[in-house]
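**Q** Structure in structure tokens, see below.
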Amino acid sequence: MELLQPEYKTFISPLIDWKVLDIHSFMNNSHFEKFKNYKYAVKILQRLRNKNILRVYRCAFNRKNYYYLTKHSMNILGGQNNALLNDETIFHDAMVSSLCLSLKDLKKVVISIDLEHKIKMVNSQSKFDEIIPDARLVGKFNNHNFCSAIEIELHQKEKSRIVAKATNYLKSSIYDYVFYFFPDDRTLKNYDKILKEGVGDFYNQKIFLFTAPDIMNGKNSLNGGNGLVKGEQKSIYELFSYKNEPVH
């Protein structure tokens, strides 16, 4: 494989952190103006795909293309192989990346977001190894720092697993909060019922439930979602006092 041009390396290097991205996410993360041009970005991504530097996942659900690194290109970029995708979880990984990039736009609140593979890279003696969520969000709101686990549940898991994980989070001193995201209201309501029955109403003081239907439909936006926070109906934007979706 020929060496990557430095600007191409820079363009696709966000994949080391985010694992899998759609074209608009590449454009939004680029520091070069020419890569913010849709037609040019498509051309470069296709060229890199033809050279087997990138692979593409075509989502059957939202008909959107998501790009990710091969093992060889991961080594070229200096990333860790635990950032490589598993074919069995690729849709979930794509949704996690899209959702976390949308959360990252809450710049007044969010300081950093690390996905699961980045959390696992921390030394095994680290306190963060106790529980490994889909992502970890560190932020500051109303002059208070906080650390929140992020869980994206595309399908309802077994009741015992739901209750067991929630119980671990409630006992843990690592995370101040846990944000669960679901594709629809039905799944959110099912989890709320299961957690109330298995843990108690108090679960919602720490574990907040939200929907993110736009993300699941291939839009990099948390608009259209709602949530349940401390017994009140509240979206993620309302939780952090945003009146509208942040501008990229």
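Convention: chains lettered A, B, ... in structure tokens order; per-chain residue numbering from 1; ligands numbered from 1 as shown.
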Mind listing the helix (DSSP H, G or I) residues of region 83-248 of chain A, per DSSP on the backbone, as a PyMOL selection string?
**A** chain A and resi 83+87-104+116-120+127-129+159-171+185-198+201-205+213-216+236-239
**Q** Which residues, written as an NGL selection string, have at least one atom at most 9 Å from Phe181 (chain A), with only C-alpha atoms counted and residues fewer than 2 positions away on the same chain left out?
**A** :A and (99 or 150-154 or 179 or 183-184 or 188 or 208-212 or 227)
**Q** Tell me, as a ChimeraX atom specification, which residues lie within 7 Å of Thr70 (chain A), counting only C-alpha atoms; anything in the same chain fewer than 5 positions away does not count.
**A** /A:53-55
**Q** Using only C-alpha atoms, which of the listed residues (A:Asp176, A:Thr89, A:Gly225, A:Val199) sits closest to Pro213 (chain A)?
**A**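 Selected residue with least distance to Pro213 (chain A): A:Gly225.
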**Q** Might you pull out every residue within 9 Å of Ser102 (chain A), with only C-alpha atoms counted and same-chain residues fewer than 4 positions away left off, and present them as a ChimeraX atom specification?
**A** /A:97-98,106,215,220-222,246,248
**Q** Pull N, CA and C atoms from the residues just selected and write them as a JSON list (two decimals), in the first residue's frame.
**A**
```json
[["chain", "number", "residue", "atom", "x", "y", "z"],
["A", 97, "SER", "N", -21.11, 6.25, 17.86],
["A", 97, "SER", "CA", -20.28, 7.35, 17.38],
["A", 97, "SER", "C", -21.12, 8.56, 16.99],
["A", 98, "SER", "N", -22.21, 8.32, 16.25],
["A", 98, "SER", "CA", -23.07, 9.42, 15.84],
["A", 98, "SER", "C", -23.67, 10.15, 17.03],
["A", 106, "LEU", "N", -22.56, 19.85, 22.56],
["A", 106, "LEU", "CA", -23.01, 20.59, 23.74],
["A", 106, "LEU", "C", -21.78, 21.19, 24.42],
["A", 215, "ILE", "N", -30.91, 10.06, 15.42],
["A", 215, "ILE", "CA", -29.63, 9.36, 15.28],
["A", 215, "ILE", "C", -29.85, 8.01, 14.61],
["A", 220, "ASN", "N", -27.38, 13.22, 12.22],
["A", 220, "ASN", "CA", -26.50, 13.53, 13.34],
["A", 220, "ASN", "C", -27.11, 14.63, 14.20],
["A", 221, "SER", "N", -28.22, 14.31, 14.82],
["A", 221, "SER", "CA", -28.96, 15.28, 15.62],
["A", 221, "SER", "C", -29.73, 14.57, 16.72],
["A", 222, "LEU", "N", -29.78, 15.20, 17.87],
["A", 222, "LEU", "CA", -30.57, 14.67, 18.98],
["A", 222, "LEU", "C", -31.94, 15.33, 19.06],
["A", 246, "PRO", "N", -27.59, 22.73, 19.26],
["A", 246, "PRO", "CA", -26.37, 23.52, 19.05],
["A", 246, "PRO", "C", -25.97, 23.54, 17.59],
["A", 248, "HIS", "N", -23.21, 23.30, 14.68],
["A", 248, "HIS", "CA", -21.91, 22.62, 14.54],
["A", 248, "HIS", "C", -20.81, 23.66, 14.38]]
```
**Q** Taking only region 64-206 of chain A into account, list the residues labelled strand (DSSP E) by DSSP (computed from the backbone), as a ChimeraX atom specification.
**A** /A:65-69,110-115,135-141,144-152,177-182
**Q** Which residue is closest to Tyr177 (chain A)? Choose from A:Asn204, A:Asn143, A:Ser235, A:Asn190 and count only C-alpha atoms.
**A**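 Smallest separation from Tyr177 (chain A) among the options: A:Asn204.
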**Q** For a test of reading the model, state the distance in Å between CA of Lys36 (chain A) and CA of Asn50 (chain A), rounded to one decimal.
**A**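 The value is 20.8 Å.
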**Q** Please provide as a ChimeraX atom specification all residues within 12 Å of Asp93 (chain A), with the sequence filter that same-chain residues fewer than 5 positions apart are discarded (counting only C-alpha atoms).
**A** /A:15,17-22,57,59,66-68,83-88,98-100,115-117,134-135,151-154,216
